[in-house]
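The structure under discussion appears below in the form of structure tokens.
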Amino acid sequence: MTDAAELQRRTAQLLAAYPPATTGRPAFLEARFDAGLAWVHYPEGLGGLGAPRSLQAVVDAELEAAGAPDNDPRRIGIGLGMAAPTILKYGTDEQKQRFLRPLWTGEEVWCQLFSEPGAGSDLAALGTRAVQQDGGDWLVDGQKVWTSSAHLARWAILIARTDPGVPKHAGITYFLCDMTDPGVEVRPLRQITGEAEFNEVFLTGVRIPDSRRLGEVGDGWRVAQTTLNNERVAIGGMRLPREGGMIGPVAKTWRERPGLRTHDLHQRLLKLWVEAEVARLTGERLRQQLAQGQPGPEGAGMKLAFARLNQEISGLEVELRGEEGLLYDDWTMRRPELVDFTGRDAGYRYLRSKGNSIEGGTSEVLLNIVAERVLGLPSEPRTDKDVAWKDLAR
Amino acid sequence: MEGPGPVNTQPDLLYSEEEEALRAAVRDLLADHCDAPGVIARTESGAPHDLSAWKALTDGMGLAGLLVPEAQGGQGATHREAAVVLEELGRAVAPVPYLTSAVVATEALLSCGDDELLGRLASGRTIGALAVGLHLAPGAAHQVAQVENGLLRADLTGIADAAVADVLLVPGDDGALYAVRAQDVTVTPQTSLDLTRPLATVTLAGAPGRRLGDAGPAVRRALRAGAGLLASEQLGVAEWALTETVRYLKERKQFNRPVGGFQALKHRLAQVWLEVVSLRAAARSAADALAAGDSLGEASVAVAVAQAYASPVAVRAAEEALQLHAGIGMTWEHPVHLYLKRAKADSIAYGTAGAHRAALAELVDLRAP
């Protein structure tokens with residue numbers, strides 16, 4: 001049984017053998033992985049010790065206090081949050097040994113090749129084709145879109161259609177795709193803010209050995225659920241102080257610049273301030289439920305609430321600034337590694353938050369999910385359920 | 001962080017096991033006493049209040065004394081438990097004077113420290129009503145009675161549950177709060193929008209009053225607790241509206257399908273659900289802050305946030321319930337109108353959302369132009 005004391009002992013051992021002050025970052029991270037202290041709830045030999053997930057905080061606190069380097073989790077969020085749990089659940093021993101260590105240390109960045117121009121909310125309708133050759137390799141052709149980190153990534157999790165002759169959910173297979181393959185072309189996708197956080201990825205005759213298939217042929221939709229469920233876990237996990245979200249900069253401007261105030265803006269600001277505070281409390285309540293081991297269905301709602309609030313608050317902020325609201329800080333095409341809502345102007349926040357009700361599930365789809373899974377209302381009529389993918393309208 | 005006040009307070013927003021047990025007991029009792037046809041029939045009688053349900057809640061369960069310390073004859077519980085009771089009373093639109101007597105009048109007496117009267121209110125055998133208009137927000141100016149030689153004169157309007165009150169708590173023009181016996185005043189029912197929490201005028205024509213203490217702090221404290229816990233009643237009202245509408249739309253068929261399968265309706269219900277879930281967090285926050293006492297004005301902020309949020313949510317939930325029930329929802333026979341009337345009246349009771357937003361402008365330093 002691995003308890004907190006045992007983890008502290010092992011962490012002290014690691015720090016003694018690899019003093020952070022004199023050990024290079026990659027070497028330290030690799031040693032941490034090999035000591036089972038990377039993600040303690042993973043199995044032994046794969047960076048963990050089979051310990052309760054909640055004990056990770058013990059290790060993290062000790063390492064932070066000792067000034068040890070971390071693996072910069074925000075930079076490798078797709079690998080950590082989406083690829084890793086899926087590989088752990090469905091990967092062969094060989095795949096787990098090959099991929100999890102460099103994924104966790106950040107040596108190899110991952111991206112996600114799921115969405116397509118013709119498959120957004122209806123992801124299972126995707127058309128990227130993977131055809132198996134004599135000898136077992138797969139040849140992949142198609143186009144993916146809204147891929148963050150594709151220009152930095154060494155590997156991708158990829159879903160592609162392997163059988164067009166069966167209904168859409170049944171003909172999909174999940175692969176681990178080498179982003180250095182000559183058939184992979186990554187192009188920046190410039191968005192309405194002027195910058196390009198995301199990419200389009202064109203796949204032309206990309207060769208994937210059968211050993212990089214994850215799960216069974218035709219079982220890719222089920223495998224992808226693990227990836228997508230872990231994406232939702234990541235949303236809404238942070239604790240906010242009062243005025244910790246987008247309302248913060250607006251309230252600050254209101255207090256500091258009385259000359260901008262109008263009665264109309266005052267009424268709207270107060271209303272949004274109340275809604276932001278209630279959304280914060282709702283998130284806090286959800287966290288308290290999780291801590292007690294009773295996750296509520298509120299999670300699905302939090303993304304809806306924050307998307308609308310971010311959009312309305314940033315819209316008010318642009319208006320509040322009056323003449324300055326007519327300006328924009330910078331249209332230069334840039335490639336930010338992280339989204340930074342507070343580092344830029346109101347205009348940027350206004351434009352970027354428009355994506356909040358689209359990315360990670362549109363608000364319309366989330367309302368359907370709430371209505372069907374939380375309220376138990378009848379599901380949408382499914383005209384595509386028993387139709388072969390190749391016969392669908394497109 | 002820019003905001004004033006304690007920014008990292010973490011109110012307990014959940015329900016304890018004891019609170020859930022209390023909820024179950026109250027819900028059971030109301031299922032026996034307060035079914036919708038009975039409530040509707042009672043509103044058409046001369047006596048809309050359900051005093052047998054009141055007796056069961058108070059004599060039987062001791063719920064009128066939740067906010068009163070044990071030493072003064074109460075249960076020594078807190079606003080958290082009273083809030084759970086109010087959620088269930090809201091869910092049943094129960095016509096009992098719980099909010100007015102066991103919360104508002106009781107808080108005024110706690111402020112004045114009148115043990116004898118407190119004990120009687122805590123037992124539920126005496127019903128009290130604070131004689132200020134139901135529409136008043138904490139801190140708002142209110143009517144006062146002329147006081148001369150210990151006798152009070154006034155024509156007071158909009159006093160909720162006065163029809164069943166045994167004692168009225170009347171602010172005088174000398175700054176004191178007086179206890180006046182119901183038999184010494186004239187109470188005239190007003191035809192009220194909310195059939196289940198009717199208003200009345202109270203006429204004092206030289207009524208004898210017993211001085212209790214300072215009216216200012218007592219009325220402010222009473223109205224703040226009333227406003228804060230009203231949010232839990234509004235949560236109960238909104239939850240009934242959502243639950244009942246979802247149930248009905250799964251059953252009701254038009255165009256050869258359950259109408260709950262139409263996306264336009266599903267999205268509206270999902271939106272109501274999201275607001276109800278949010279209201280629960282806001283209402284728990286207010287109840288928890290009231291229970292914790294007024295450290296650094298946090299309770300005032302939490303109450304104002306809950307009231308500014310709760311009123312439009314409860315009204316929308318009831319309005320959506322009516323529209324989505326369609327024809328049957330417009331009938332007198334169907335209970336949805338009781339909830340709409342309660343929700344709309346609650347949106348004015350103890351201050352409108354706008355009044356609470358105006359209070360917040362001061363409390364959190366977001367001042368008007």
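The chains in the structure tokens are called A, B, ... from first to last as shown; in each chain the residues are counted from 1, and the ligands are counted from 1 in the order shown.
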I need the strand (DSSP E or B) residues of region 132-258 of chain A per DSSP on the backbone, written as a ChimeraX atom specification. /A:132,138-145,155-161,167,172-178,184-189,198-208,213-214
Interface list for chain B, partner chain A, 6 Å threshold, only C-alpha atoms, as a list in words: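 Taking only C-alpha atoms into account, Val7, Asn8, Leu13, Gly260, Gly261, Lys266, His267, Ala270, Leu274, Ser278, Ala281, Ala282, Val305 and Pro369 of chain B sit within 6 Å of chain A.
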Report, in Å to a single decimal, how far apart CA of Ala94 (chain B) and CA of Glu244 (chain B) are.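 Computing the Euclidean distance for CA of Glu244 (chain B) and CA of Ala94 (chain B) yields 16.5 Å.
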Residues near Ala84 (chain A), anyone? I mean within 9 Å using only C-alpha atoms, not counting same-chain ones fewer than 3 positions away, as a VMD selection string. chain A and resid 78 to 81 87 to 89 96 99 to 100 103 to 104 227
Dump of C-alpha atoms for the selected residues, as a PDB file, in the first residue's frame:
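New file out-v6.pdb:
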ATOM      1  CA  ILE A  78      -3.216  17.418 -25.018  1.00  0.00           C
ATOM      2  CA  GLY A  79      -0.637  14.695 -24.376  1.00  0.00           C
ATOM      3  CA  LEU A  80      -1.220  14.620 -20.625  1.00  0.00           C
ATOM      4  CA  GLY A  81      -4.959  15.140 -20.601  1.00  0.00           C
ATOM      5  CA  ILE A  87      -2.980   5.016 -24.518  1.00  0.00           C
ATOM      6  CA  LEU A  88      -3.041   3.728 -20.948  1.00  0.00           C
ATOM      7  CA  LYS A  89      -6.503   2.236 -21.405  1.00  0.00           C
ATOM      8  CA  LYS A  96       2.704   2.200 -23.419  1.00  0.00           C
ATOM      9  CA  PHE A  99       5.055   6.617 -25.747  1.00  0.00           C
ATOM     10  CA  LEU A 100       4.169   7.468 -22.148  1.00  0.00           C
ATOM     11  CA  LEU A 103       4.954  12.245 -23.476  1.00  0.00           C
ATOM     12  CA  TRP A 104       5.094  12.949 -19.763  1.00  0.00           C
ATOM     13  CA  THR A 227     -10.115  10.960 -25.010  1.00  0.00           C
TER      14      THR A 227
END
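Across the model, the gap from CA of Arg197 (chain B) to CA of Asp114 (chain B) is 26.3 Å.
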How would you write, as an NGL selection string, the set of residues in region 59-182 of chain A that DSSP gives as helix (DSSP H, G or I)? :A and (59-65 or 77-90 or 93-105 or 123-125 or 168-171)
List the neighbours of Ala162 (chain B) out to 10 Å using only C-alpha atoms; skip same-chain residues closer than 5 positions along the sequence, and give me the result as JSON, numbers by chain. {"B": [97, 100, 101, 127, 128, 129, 130, 131, 167, 168, 182, 187, 188, 189, 197, 198, 199, 200, 201, 202]}
